[in-house]
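Listing of data_36.cif; format and content: mmCIF, C-alpha atoms.
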```cif
data_protein
#
loop_
_atom_site.label_atom_id
_atom_site.label_comp_id
_atom_site.auth_asym_id
_atom_site.auth_seq_id
_atom_site.Cartn_x
_atom_site.Cartn_y
_atom_site.Cartn_z
CA MET A 691 37.87 58.00 -31.17
CA PRO A 692 36.69 61.51 -32.17
CA LEU A 693 38.01 62.96 -35.43
CA LEU A 694 40.25 65.86 -34.43
CA PRO A 695 40.29 68.72 -36.96
CA LEU A 696 43.43 69.86 -38.74
CA SER A 697 44.83 73.27 -37.83
CA PRO A 698 44.29 76.04 -40.41
CA PHE A 699 47.96 76.93 -39.89
CA LEU A 700 48.73 73.59 -41.53
CA PHE A 701 46.36 73.60 -44.49
CA GLU A 702 45.90 77.29 -45.35
CA PRO A 703 49.31 77.58 -47.07
CA ILE A 704 48.47 74.50 -49.15
CA VAL A 705 45.13 75.94 -50.27
CA ARG A 706 46.70 79.34 -50.93
CA ALA A 707 49.37 77.74 -53.14
CA ALA A 708 46.67 75.88 -55.07
CA LEU A 709 44.81 79.14 -55.70
CA VAL A 710 48.01 80.86 -56.83
CA GLU A 711 48.60 77.98 -59.24
CA ASP A 712 45.11 78.42 -60.70
CA LEU A 713 44.94 82.21 -60.77
CA GLY A 714 48.37 82.64 -62.34
CA ARG A 715 49.41 86.14 -63.44
CA ALA A 716 46.07 87.68 -64.37
CA GLY A 717 43.43 86.03 -62.21
CA ASP A 718 40.16 84.46 -63.34
CA LEU A 719 39.70 86.01 -66.77
CA THR A 720 36.37 84.28 -67.39
CA THR A 721 34.64 85.14 -64.13
CA ASP A 722 36.02 88.67 -63.92
CA ALA A 723 34.76 89.42 -67.43
CA ILE A 724 31.25 88.01 -66.94
CA VAL A 725 30.31 88.45 -63.27
CA PRO A 726 29.82 91.89 -61.65
CA PRO A 727 32.09 92.41 -58.61
CA ASP A 728 29.21 93.10 -56.22
CA LEU A 729 26.98 90.16 -57.23
CA LYS A 730 26.09 87.66 -54.48
CA ALA A 731 25.19 84.02 -55.04
CA THR A 732 24.30 80.82 -53.22
CA THR A 733 25.67 77.43 -54.22
CA VAL A 734 25.25 73.90 -52.91
CA LEU A 735 27.91 71.23 -52.49
CA ALA A 736 26.19 67.91 -53.19
CA ALA A 737 27.36 64.32 -53.44
CA ARG A 738 26.94 62.45 -56.72
CA GLN A 739 28.11 59.08 -55.35
CA ASP A 740 27.93 57.04 -52.18
CA GLY A 741 30.89 57.76 -49.96
CA VAL A 742 32.39 59.43 -46.90
CA ILE A 743 33.19 63.13 -46.62
CA ALA A 744 36.63 64.47 -45.70
CA GLY A 745 38.26 67.87 -46.06
CA LEU A 746 35.21 70.14 -46.01
CA ASP A 747 36.84 72.84 -43.87
CA ILE A 748 39.98 72.65 -45.99
CA ALA A 749 38.01 73.02 -49.20
CA ALA A 750 35.96 75.89 -47.74
CA THR A 751 39.19 77.78 -47.16
CA ALA A 752 39.49 78.23 -50.93
CA PHE A 753 36.35 80.38 -50.87
CA ARG A 754 37.22 82.21 -47.67
CA LEU A 755 40.68 83.20 -48.91
CA LEU A 756 38.96 84.87 -51.88
CA ASP A 757 36.18 86.41 -49.79
CA PRO A 758 36.42 86.32 -45.97
CA HIS A 759 32.68 87.01 -45.79
CA VAL A 760 31.62 83.80 -47.55
CA GLY A 761 29.11 81.92 -45.40
CA ILE A 762 29.10 78.13 -45.19
CA THR A 763 26.34 76.05 -43.66
CA VAL A 764 27.48 72.47 -43.10
CA GLU A 765 24.91 69.70 -43.47
CA ARG A 766 27.26 66.68 -43.56
CA GLY A 767 30.65 67.16 -41.94
CA ASP A 768 33.85 65.14 -42.21
CA GLY A 769 33.32 61.46 -41.51
CA ALA A 770 29.66 61.55 -42.58
CA ARG A 771 28.34 59.02 -45.08
CA VAL A 772 26.55 60.45 -48.11
CA SER A 773 24.58 59.16 -51.09
CA PRO A 774 23.81 60.71 -54.50
CA GLY A 775 21.94 63.98 -54.00
CA THR A 776 22.95 64.47 -50.36
CA VAL A 777 23.60 68.15 -49.64
CA ILE A 778 26.95 68.49 -47.92
CA ALA A 779 27.00 72.25 -47.45
CA THR A 780 25.51 75.52 -48.68
CA VAL A 781 28.02 78.20 -49.68
CA SER A 782 26.92 81.84 -50.02
CA GLY A 783 28.77 85.05 -50.77
CA SER A 784 30.56 86.84 -53.58
CA ALA A 785 29.66 85.15 -56.86
CA ARG A 786 33.16 85.82 -58.12
CA ALA A 787 34.72 84.10 -55.11
CA LEU A 788 32.46 81.06 -55.47
CA LEU A 789 33.21 80.61 -59.16
CA THR A 790 36.93 81.31 -58.89
CA GLY A 791 37.42 79.02 -55.91
CA GLU A 792 35.19 76.23 -57.21
CA ARG A 793 37.81 74.03 -58.85
CA THR A 794 40.37 74.33 -56.07
CA ALA A 795 37.73 73.56 -53.44
CA LEU A 796 36.38 70.58 -55.36
CA ASN A 797 39.83 69.20 -56.15
CA ILE A 798 40.56 69.09 -52.43
CA LEU A 799 37.16 67.88 -51.28
CA CYS A 800 36.75 65.18 -53.95
CA HIS A 801 40.30 63.87 -53.45
CA LEU A 802 40.15 63.68 -49.66
CA SER A 803 36.61 62.29 -49.67
CA GLY A 804 37.76 59.62 -52.12
CA ILE A 805 40.47 58.57 -49.68
CA ALA A 806 37.99 58.54 -46.79
CA SER A 807 35.53 56.48 -48.84
CA ALA A 808 38.18 53.95 -49.87
CA THR A 809 39.35 53.65 -46.28
CA ALA A 810 35.80 53.09 -45.06
CA SER A 811 35.37 50.23 -47.54
CA VAL A 812 38.37 48.36 -46.11
CA VAL A 813 37.44 49.21 -42.51
CA GLU A 814 33.95 47.81 -43.11
CA ALA A 815 35.44 44.66 -44.63
CA VAL A 816 37.37 43.83 -41.43
CA LYS A 817 34.62 44.85 -39.01
CA GLY A 818 34.41 42.45 -36.08
CA HIS A 819 38.14 41.75 -36.04
CA LYS A 820 40.78 43.54 -33.98
CA ALA A 821 42.85 44.71 -36.95
CA THR A 822 43.16 48.46 -37.52
CA VAL A 823 43.43 49.64 -41.12
CA VAL A 824 46.31 52.10 -41.52
CA CYS A 825 47.83 54.09 -44.37
CA THR A 826 51.51 54.43 -45.37
CA ARG A 827 53.97 57.10 -46.53
CA LYS A 828 52.84 56.58 -50.14
CA THR A 829 51.26 60.01 -50.26
CA THR A 830 51.15 62.97 -52.66
CA PRO A 831 54.17 65.20 -51.95
CA GLY A 832 53.06 68.17 -49.89
CA LEU A 833 49.66 66.68 -49.05
CA ARG A 834 50.60 63.98 -46.54
CA ALA A 835 48.96 65.56 -43.49
CA LEU A 836 45.73 66.15 -45.44
CA GLU A 837 45.63 62.65 -46.91
CA LYS A 838 46.36 60.99 -43.58
CA TYR A 839 43.58 63.08 -42.04
CA ALA A 840 41.23 61.75 -44.74
CA VAL A 841 42.18 58.19 -43.77
CA ARG A 842 41.15 58.97 -40.19
CA ALA A 843 37.88 60.48 -41.44
CA GLY A 844 37.19 57.15 -43.13
CA GLY A 845 37.68 55.24 -39.87
CA GLY A 846 41.28 54.17 -40.39
CA GLY A 847 44.50 54.98 -38.56
CA ASN A 848 47.88 56.39 -39.50
CA HIS A 849 51.23 54.70 -39.75
CA ARG A 850 54.24 56.95 -39.18
CA PHE A 851 54.03 60.46 -40.66
CA GLY A 852 57.65 60.60 -41.76
CA LEU A 853 61.10 59.13 -41.41
CA ASP A 854 61.61 61.00 -38.15
CA ASP A 855 58.95 59.53 -35.87
CA ALA A 856 59.79 55.81 -35.83
CA ILE A 857 62.36 53.29 -37.05
CA LEU A 858 61.14 50.98 -39.80
CA ILE A 859 63.84 48.59 -41.00
CA LYS A 860 63.11 47.30 -44.50
CA ASP A 861 64.79 44.74 -46.73
CA ASN A 862 67.39 47.14 -48.16
CA HIS A 863 68.35 48.30 -44.66
CA VAL A 864 68.88 44.66 -43.65
CA ALA A 865 70.92 43.92 -46.77
CA ILE A 866 73.20 46.91 -46.31
CA ALA A 867 73.58 46.29 -42.56
CA GLY A 868 74.61 42.69 -43.21
CA GLY A 869 71.62 40.95 -41.65
CA ILE A 870 68.68 41.23 -39.30
CA ARG A 871 70.65 41.03 -36.06
CA PRO A 872 73.14 43.82 -36.83
CA ALA A 873 70.34 46.01 -38.22
CA LEU A 874 68.23 45.60 -35.08
CA GLU A 875 71.16 45.99 -32.70
CA ARG A 876 72.30 49.22 -34.38
CA ALA A 877 68.75 50.55 -34.39
CA ARG A 878 68.30 49.78 -30.69
CA ALA A 879 71.59 51.45 -29.82
CA ALA A 880 70.59 54.61 -31.68
CA ALA A 881 66.92 54.85 -30.72
CA GLY A 882 65.71 56.95 -27.83
CA HIS A 883 63.42 55.46 -25.21
CA MET A 884 60.34 56.91 -26.98
CA VAL A 885 61.18 55.54 -30.44
CA LYS A 886 59.59 52.27 -31.58
CA ILE A 887 61.41 49.85 -33.87
CA GLU A 888 59.62 47.86 -36.54
CA LEU A 889 61.18 45.30 -38.88
CA GLU A 890 59.87 44.12 -42.24
CA VAL A 891 60.08 40.36 -42.78
CA ASP A 892 59.19 38.23 -45.77
CA THR A 893 59.57 34.78 -44.23
CA LEU A 894 58.87 32.99 -40.97
CA ALA A 895 62.60 32.31 -40.62
CA GLN A 896 63.30 36.04 -40.66
CA LEU A 897 60.54 36.54 -38.11
CA GLU A 898 62.07 33.93 -35.80
CA GLU A 899 65.44 35.71 -35.96
CA ALA A 900 63.84 39.10 -35.27
CA LEU A 901 61.99 37.80 -32.22
CA ALA A 902 65.20 36.32 -30.85
CA VAL A 903 66.86 39.75 -30.98
CA GLY A 904 63.79 41.70 -29.87
CA VAL A 905 61.61 44.15 -31.77
CA ASP A 906 58.55 46.32 -31.05
CA ALA A 907 56.63 45.50 -34.24
CA VAL A 908 56.96 43.29 -37.29
CA LEU A 909 55.78 44.12 -40.79
CA LEU A 910 54.65 40.85 -42.35
CA ASP A 911 55.05 41.62 -46.04
CA ASN A 912 53.11 39.78 -48.75
CA MET A 913 52.40 36.72 -46.62
CA SER A 914 49.47 34.42 -47.31
CA PRO A 915 46.65 34.19 -44.72
CA ALA A 916 48.04 30.83 -43.63
CA GLN A 917 51.53 32.29 -43.15
CA LEU A 918 50.04 35.24 -41.28
CA ARG A 919 48.24 32.92 -38.86
CA GLU A 920 51.49 31.08 -38.17
CA ALA A 921 53.37 34.36 -37.78
CA VAL A 922 50.84 35.70 -35.26
CA ALA A 923 51.16 32.48 -33.27
CA MET A 924 54.97 32.72 -33.32
CA VAL A 925 54.89 36.33 -32.10
CA GLY A 926 52.54 35.39 -29.26
CA GLY A 927 51.92 38.98 -28.26
CA ARG A 928 55.59 39.90 -27.94
CA ALA A 929 55.33 42.50 -30.71
CA LEU A 930 52.70 44.26 -32.79
CA THR A 931 51.93 42.46 -36.03
CA GLU A 932 51.27 44.40 -39.24
CA ALA A 933 50.25 42.80 -42.54
CA SER A 934 50.92 44.54 -45.85
CA GLY A 935 50.98 43.84 -49.55
CA ARG A 936 48.26 44.29 -52.17
CA VAL A 937 45.43 44.56 -49.65
CA THR A 938 41.93 45.25 -50.97
CA ALA A 939 38.46 45.24 -49.42
CA ALA A 940 38.07 41.75 -50.90
CA THR A 941 41.29 40.30 -49.46
CA ALA A 942 41.28 42.16 -46.13
CA PRO A 943 38.85 39.84 -44.28
CA ALA A 944 41.09 36.78 -44.65
CA ILE A 945 44.04 38.84 -43.45
CA ALA A 946 42.10 40.12 -40.44
CA VAL A 947 41.01 36.59 -39.50
CA ALA A 948 44.69 35.69 -39.10
CA GLY A 949 44.73 37.90 -36.00
CA VAL A 950 47.13 40.67 -37.01
CA ASP A 951 46.99 43.98 -35.15
CA LEU A 952 47.36 46.25 -38.18
CA ILE A 953 46.69 46.07 -41.91
CA SER A 954 48.57 48.70 -43.93
CA VAL A 955 47.19 49.76 -47.29
CA GLY A 956 49.24 52.04 -49.54
CA TRP A 957 46.69 52.63 -52.28
CA LEU A 958 44.34 54.45 -49.90
CA THR A 959 46.46 57.56 -50.36
CA HIS A 960 48.20 57.01 -53.70
CA SER A 961 45.44 55.53 -55.86
CA ALA A 962 42.00 55.99 -54.30
CA PRO A 963 39.50 57.35 -56.87
CA VAL A 964 37.94 60.71 -56.12
CA LEU A 965 34.42 60.95 -54.75
CA ASP A 966 32.25 62.81 -57.25
CA ILE A 967 30.93 65.98 -55.63
CA GLY A 968 29.43 68.96 -57.43
CA LEU A 969 29.01 72.67 -56.71
CA ASP A 970 25.66 73.83 -58.13
CA TYR A 971 24.20 77.34 -58.33
CA ARG A 972 20.96 77.78 -56.46
CA ALA A 973 18.75 80.36 -58.16
CA GLY A 974 16.66 82.75 -56.11
#
```

As structure tokens:
Amino acid sequence: MPLLPLSPFLFEPIVRAALVEDLGRAGDLTTDAIVPPDLKATTVLAARQDGVIAGLDIAATAFRLLDPHVGITVERGDGARVSPGTVIATVSGSARALLTGERTALNILCHLSGIASATASVVEAVKGHKATVVCTRKTTPGLRALEKYAVRAGGGGNHRFGLDDAILIKDNHVAIAGGIRPALERARAAAGHMVKIELEVDTLAQLEEALAVGVDAVLLDNMSPAQLREAVAMVGGRALTEASGRVTAATAPAIAVAGVDLISVGWLTHSAPVLDIGLDYRAG
């Protein structure tokens, strides 16, 4: 599936707010004091680690908001794999704009590329199996759309974007509703014909009860590979199966072998390390 770009209408306000945060009340005191306003410069964005790129257009917006005439030549776009020394893009224009926007651009690019790289590592680990690696709602407030885009750049998929696009009944919902059956029945009565219903289960007994009532998907939480295999057999194609709980690139293969449809991984967006990328001045 092609990687569809994010709309600038979505990410420009986020980048603008990040620049406002950095520039504060008086702007870039260091650059404005040292660099003449009419000086032009060329810089290179280059990888310092192996990984996958995500968020290049978003990061570039930091420079373009400071100088609309900044030119960017892309060598490795979003979704591309890079190694140390790989040139990602050349950025040319106002030296002041390049220096002032550097940290905001790199914060975005390194963070999103880190998510894409982490996602790619789990996707690679389950290659050859039908399971799709998906993220969760465990995202940085205000950055969800960007972080979920980075997951897609790394070859993964997205779970729901918010509370308003699907029904996911978790353990506290079940407890407050008084059980699985009443929770599912109330959800079905309230859901429109386009809304899917997923239920989180911790045991095979809970799964059996959910299947008796009817459900679109089941979230098999913290089950062992053996339990997952049994759960998939019990479902028998009647619902989508999603495994979750402390998934890593090392544990993902055994989960995928169980035959689940989805593997959800929260740390892709809340704890993935950044990908080290630098912006270096090119003399001459």

* Write out as a count of residues only each polymer residue whose atoms come within 6 Å of region 743-747 of chain A, counting all atoms listed in the file; drop sequence neighbours fewer than 3 positions from it. => 9

* To do: Would you kindly return, as a PyMOL selection string, each protein, DNA or RNA residue with an atom no farther than 8 Å from any atom of region 846-851 of chain A, considering all atoms listed in the file and excluding same-chain residues fewer than 5 positions away?
  => chain A and resi 809-810+813+822-827+834-835+838+841+856+954

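For the file at hand, the PyMOL selection byres ((chain A and resi 971) around 7) resolves to Thr732, Thr733, Val734, Leu969, Asp970, Arg972 and Ala973 of chain A.
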
Non-local contacts of Thr794 (chain A) (9 Å; all atoms listed in the file; under 2 positions in same chain excluded) as a PDB file with C-alpha atoms, keeping the file's coordinate frame:
```
ATOM      1  CA  VAL A 705      45.130  75.940 -50.270  1.00  0.00           C
ATOM      2  CA  ALA A 708      46.670  75.880 -55.070  1.00  0.00           C
ATOM      3  CA  LEU A 709      44.810  79.140 -55.700  1.00  0.00           C
ATOM      4  CA  ASP A 712      45.110  78.420 -60.700  1.00  0.00           C
ATOM      5  CA  ALA A 749      38.010  73.020 -49.200  1.00  0.00           C
ATOM      6  CA  ALA A 752      39.490  78.230 -50.930  1.00  0.00           C
ATOM      7  CA  PHE A 753      36.350  80.380 -50.870  1.00  0.00           C
ATOM      8  CA  THR A 790      36.930  81.310 -58.890  1.00  0.00           C
ATOM      9  CA  GLY A 791      37.420  79.020 -55.910  1.00  0.00           C
ATOM     10  CA  GLU A 792      35.190  76.230 -57.210  1.00  0.00           C
ATOM     11  CA  LEU A 796      36.380  70.580 -55.360  1.00  0.00           C
ATOM     12  CA  ASN A 797      39.830  69.200 -56.150  1.00  0.00           C
ATOM     13  CA  ILE A 798      40.560  69.090 -52.430  1.00  0.00           C
ATOM     14  CA  LEU A 799      37.160  67.880 -51.280  1.00  0.00           C
TER      15      LEU A 799
END
```

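Of the listed residues (A:Ala877, A:Leu713, A:Ala942, A:Ala865), A:Ala942 comes nearest to Ser811 (chain A); the distances count only C-alpha atoms.
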
* Considering all atoms listed in the file, return as a PyMOL selection string whatever protein or nucleic-acid residues lie within 8 Å of region 720-731 of chain A, sequence-local ones (same chain, fewer than 5 positions apart) excluded. => chain A and resi 782-786+788-790+971-972

Expected file contents, prior selection, C-alpha atoms, as a PDB file, in the coordinates of the input:
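Written out: again37.pdb:
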```
ATOM      1  CA  SER A 782      26.920  81.840 -50.020  1.00  0.00           C
ATOM      2  CA  GLY A 783      28.770  85.050 -50.770  1.00  0.00           C
ATOM      3  CA  SER A 784      30.560  86.840 -53.580  1.00  0.00           C
ATOM      4  CA  ALA A 785      29.660  85.150 -56.860  1.00  0.00           C
ATOM      5  CA  ARG A 786      33.160  85.820 -58.120  1.00  0.00           C
ATOM      6  CA  LEU A 788      32.460  81.060 -55.470  1.00  0.00           C
ATOM      7  CA  LEU A 789      33.210  80.610 -59.160  1.00  0.00           C
ATOM      8  CA  THR A 790      36.930  81.310 -58.890  1.00  0.00           C
ATOM      9  CA  TYR A 971      24.200  77.340 -58.330  1.00  0.00           C
ATOM     10  CA  ARG A 972      20.960  77.780 -56.460  1.00  0.00           C
TER      11      ARG A 972
END
```

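Straight-line separation from CA of Ala944 (chain A) to CA of Ala808 (chain A): 18.2 Å.
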
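Counting all atoms listed in the file, the residue from A:Ile805, A:Ala737, A:Leu836, A:Leu694 that sits nearest to Ser961 (chain A) is A:Ile805.
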
* Extract, using all atoms listed in the file, all DNA, RNA and protein residues at most 8 Å from region 891-906 of chain A, discarding same-chain residues fewer than 2 positions from it, and format them as number ranges by chain. => A: 860-861, 870-871, 874-875, 886-889, 908-913, 917, 921, 924-925, 928-930

* Separation of CA of Gly845 (chain A) from CA of Pro703 (chain A) in Å -> 26.2 Å

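If you measure from each of A:Gly717, A:Gly852, A:Gly804, A:Gly844 to Pro831 (chain A) using only C-alpha atoms, the closest one turns out to be A:Gly852.
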
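If you measure from each of A:Gly714, A:His801, A:Leu700, A:Ala867 to Val964 (chain A) using all atoms listed in the file, the closest one turns out to be A:His801.
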
* Asked: Which residue out of A:Asp855, A:Glu765, A:Glu814, A:Glu837 has the minimum interatomic distance to Val885 (chain A) when only C-alpha atoms are used?
  -> A:Asp855

Complete the atom set of region 872-893 of chain A to N, CA and C atoms and return it as a PDB file, keeping the file's coordinate frame.
```pdb
ATOM      1  N   PRO A 872      72.411  42.546 -36.904  1.00  0.00           N
ATOM      2  CA  PRO A 872      73.140  43.820 -36.830  1.00  0.00           C
ATOM      3  C   PRO A 872      72.242  45.032 -37.074  1.00  0.00           C
ATOM      4  N   ALA A 873      71.241  44.889 -37.952  1.00  0.00           N
ATOM      5  CA  ALA A 873      70.340  46.010 -38.220  1.00  0.00           C
ATOM      6  C   ALA A 873      69.544  46.362 -36.963  1.00  0.00           C
ATOM      7  N   LEU A 874      69.008  45.352 -36.292  1.00  0.00           N
ATOM      8  CA  LEU A 874      68.230  45.600 -35.080  1.00  0.00           C
ATOM      9  C   LEU A 874      69.105  46.122 -33.938  1.00  0.00           C
ATOM     10  N   GLU A 875      70.277  45.573 -33.796  1.00  0.00           N
ATOM     11  CA  GLU A 875      71.160  45.990 -32.700  1.00  0.00           C
ATOM     12  C   GLU A 875      71.601  47.436 -32.883  1.00  0.00           C
ATOM     13  N   ARG A 876      71.904  47.825 -34.122  1.00  0.00           N
ATOM     14  CA  ARG A 876      72.300  49.220 -34.380  1.00  0.00           C
ATOM     15  C   ARG A 876      71.122  50.161 -34.161  1.00  0.00           C
ATOM     16  N   ALA A 877      69.945  49.724 -34.579  1.00  0.00           N
ATOM     17  CA  ALA A 877      68.750  50.550 -34.390  1.00  0.00           C
ATOM     18  C   ALA A 877      68.468  50.756 -32.911  1.00  0.00           C
ATOM     19  N   ARG A 878      68.570  49.685 -32.125  1.00  0.00           N
ATOM     20  CA  ARG A 878      68.300  49.780 -30.690  1.00  0.00           C
ATOM     21  C   ARG A 878      69.315  50.679 -29.990  1.00  0.00           C
ATOM     22  N   ALA A 879      70.548  50.627 -30.430  1.00  0.00           N
ATOM     23  CA  ALA A 879      71.590  51.450 -29.820  1.00  0.00           C
ATOM     24  C   ALA A 879      71.373  52.929 -30.122  1.00  0.00           C
ATOM     25  N   ALA A 880      70.766  53.222 -31.259  1.00  0.00           N
ATOM     26  CA  ALA A 880      70.590  54.610 -31.680  1.00  0.00           C
ATOM     27  C   ALA A 880      69.251  55.203 -31.253  1.00  0.00           C
ATOM     28  N   ALA A 881      68.271  54.354 -31.008  1.00  0.00           N
ATOM     29  CA  ALA A 881      66.920  54.850 -30.720  1.00  0.00           C
ATOM     30  C   ALA A 881      66.792  55.379 -29.300  1.00  0.00           C
ATOM     31  N   GLY A 882      66.032  56.458 -29.159  1.00  0.00           N
ATOM     32  CA  GLY A 882      65.710  56.950 -27.830  1.00  0.00           C
ATOM     33  C   GLY A 882      64.640  56.081 -27.199  1.00  0.00           C
ATOM     34  N   HIS A 883      64.356  56.323 -25.934  1.00  0.00           N
ATOM     35  CA  HIS A 883      63.420  55.460 -25.210  1.00  0.00           C
ATOM     36  C   HIS A 883      61.979  55.604 -25.714  1.00  0.00           C
ATOM     37  N   MET A 884      61.694  56.690 -26.467  1.00  0.00           N
ATOM     38  CA  MET A 884      60.340  56.910 -26.980  1.00  0.00           C
ATOM     39  C   MET A 884      60.161  56.378 -28.409  1.00  0.00           C
ATOM     40  N   VAL A 885      61.228  55.929 -29.032  1.00  0.00           N
ATOM     41  CA  VAL A 885      61.180  55.540 -30.440  1.00  0.00           C
ATOM     42  C   VAL A 885      60.940  54.036 -30.577  1.00  0.00           C
ATOM     43  N   LYS A 886      59.898  53.678 -31.326  1.00  0.00           N
ATOM     44  CA  LYS A 886      59.590  52.270 -31.580  1.00  0.00           C
ATOM     45  C   LYS A 886      60.393  51.766 -32.782  1.00  0.00           C
ATOM     46  N   ILE A 887      60.666  50.477 -32.778  1.00  0.00           N
ATOM     47  CA  ILE A 887      61.410  49.850 -33.870  1.00  0.00           C
ATOM     48  C   ILE A 887      60.551  48.757 -34.490  1.00  0.00           C
ATOM     49  N   GLU A 888      60.362  48.860 -35.800  1.00  0.00           N
ATOM     50  CA  GLU A 888      59.620  47.860 -36.540  1.00  0.00           C
ATOM     51  C   GLU A 888      60.522  47.272 -37.625  1.00  0.00           C
ATOM     52  N   LEU A 889      60.365  45.985 -37.880  1.00  0.00           N
ATOM     53  CA  LEU A 889      61.180  45.300 -38.880  1.00  0.00           C
ATOM     54  C   LEU A 889      60.279  44.630 -39.906  1.00  0.00           C
ATOM     55  N   GLU A 890      60.595  44.814 -41.175  1.00  0.00           N
ATOM     56  CA  GLU A 890      59.870  44.120 -42.240  1.00  0.00           C
ATOM     57  C   GLU A 890      60.481  42.741 -42.459  1.00  0.00           C
ATOM     58  N   VAL A 891      59.613  41.727 -42.504  1.00  0.00           N
ATOM     59  CA  VAL A 891      60.080  40.360 -42.780  1.00  0.00           C
ATOM     60  C   VAL A 891      59.232  39.752 -43.888  1.00  0.00           C
ATOM     61  N   ASP A 892      59.871  38.899 -44.668  1.00  0.00           N
ATOM     62  CA  ASP A 892      59.190  38.230 -45.770  1.00  0.00           C
ATOM     63  C   ASP A 892      58.941  36.745 -45.492  1.00  0.00           C
ATOM     64  N   THR A 893      59.668  36.207 -44.514  1.00  0.00           N
ATOM     65  CA  THR A 893      59.570  34.780 -44.230  1.00  0.00           C
ATOM     66  C   THR A 893      59.441  34.536 -42.734  1.00  0.00           C
TER      67      THR A 893
END
```
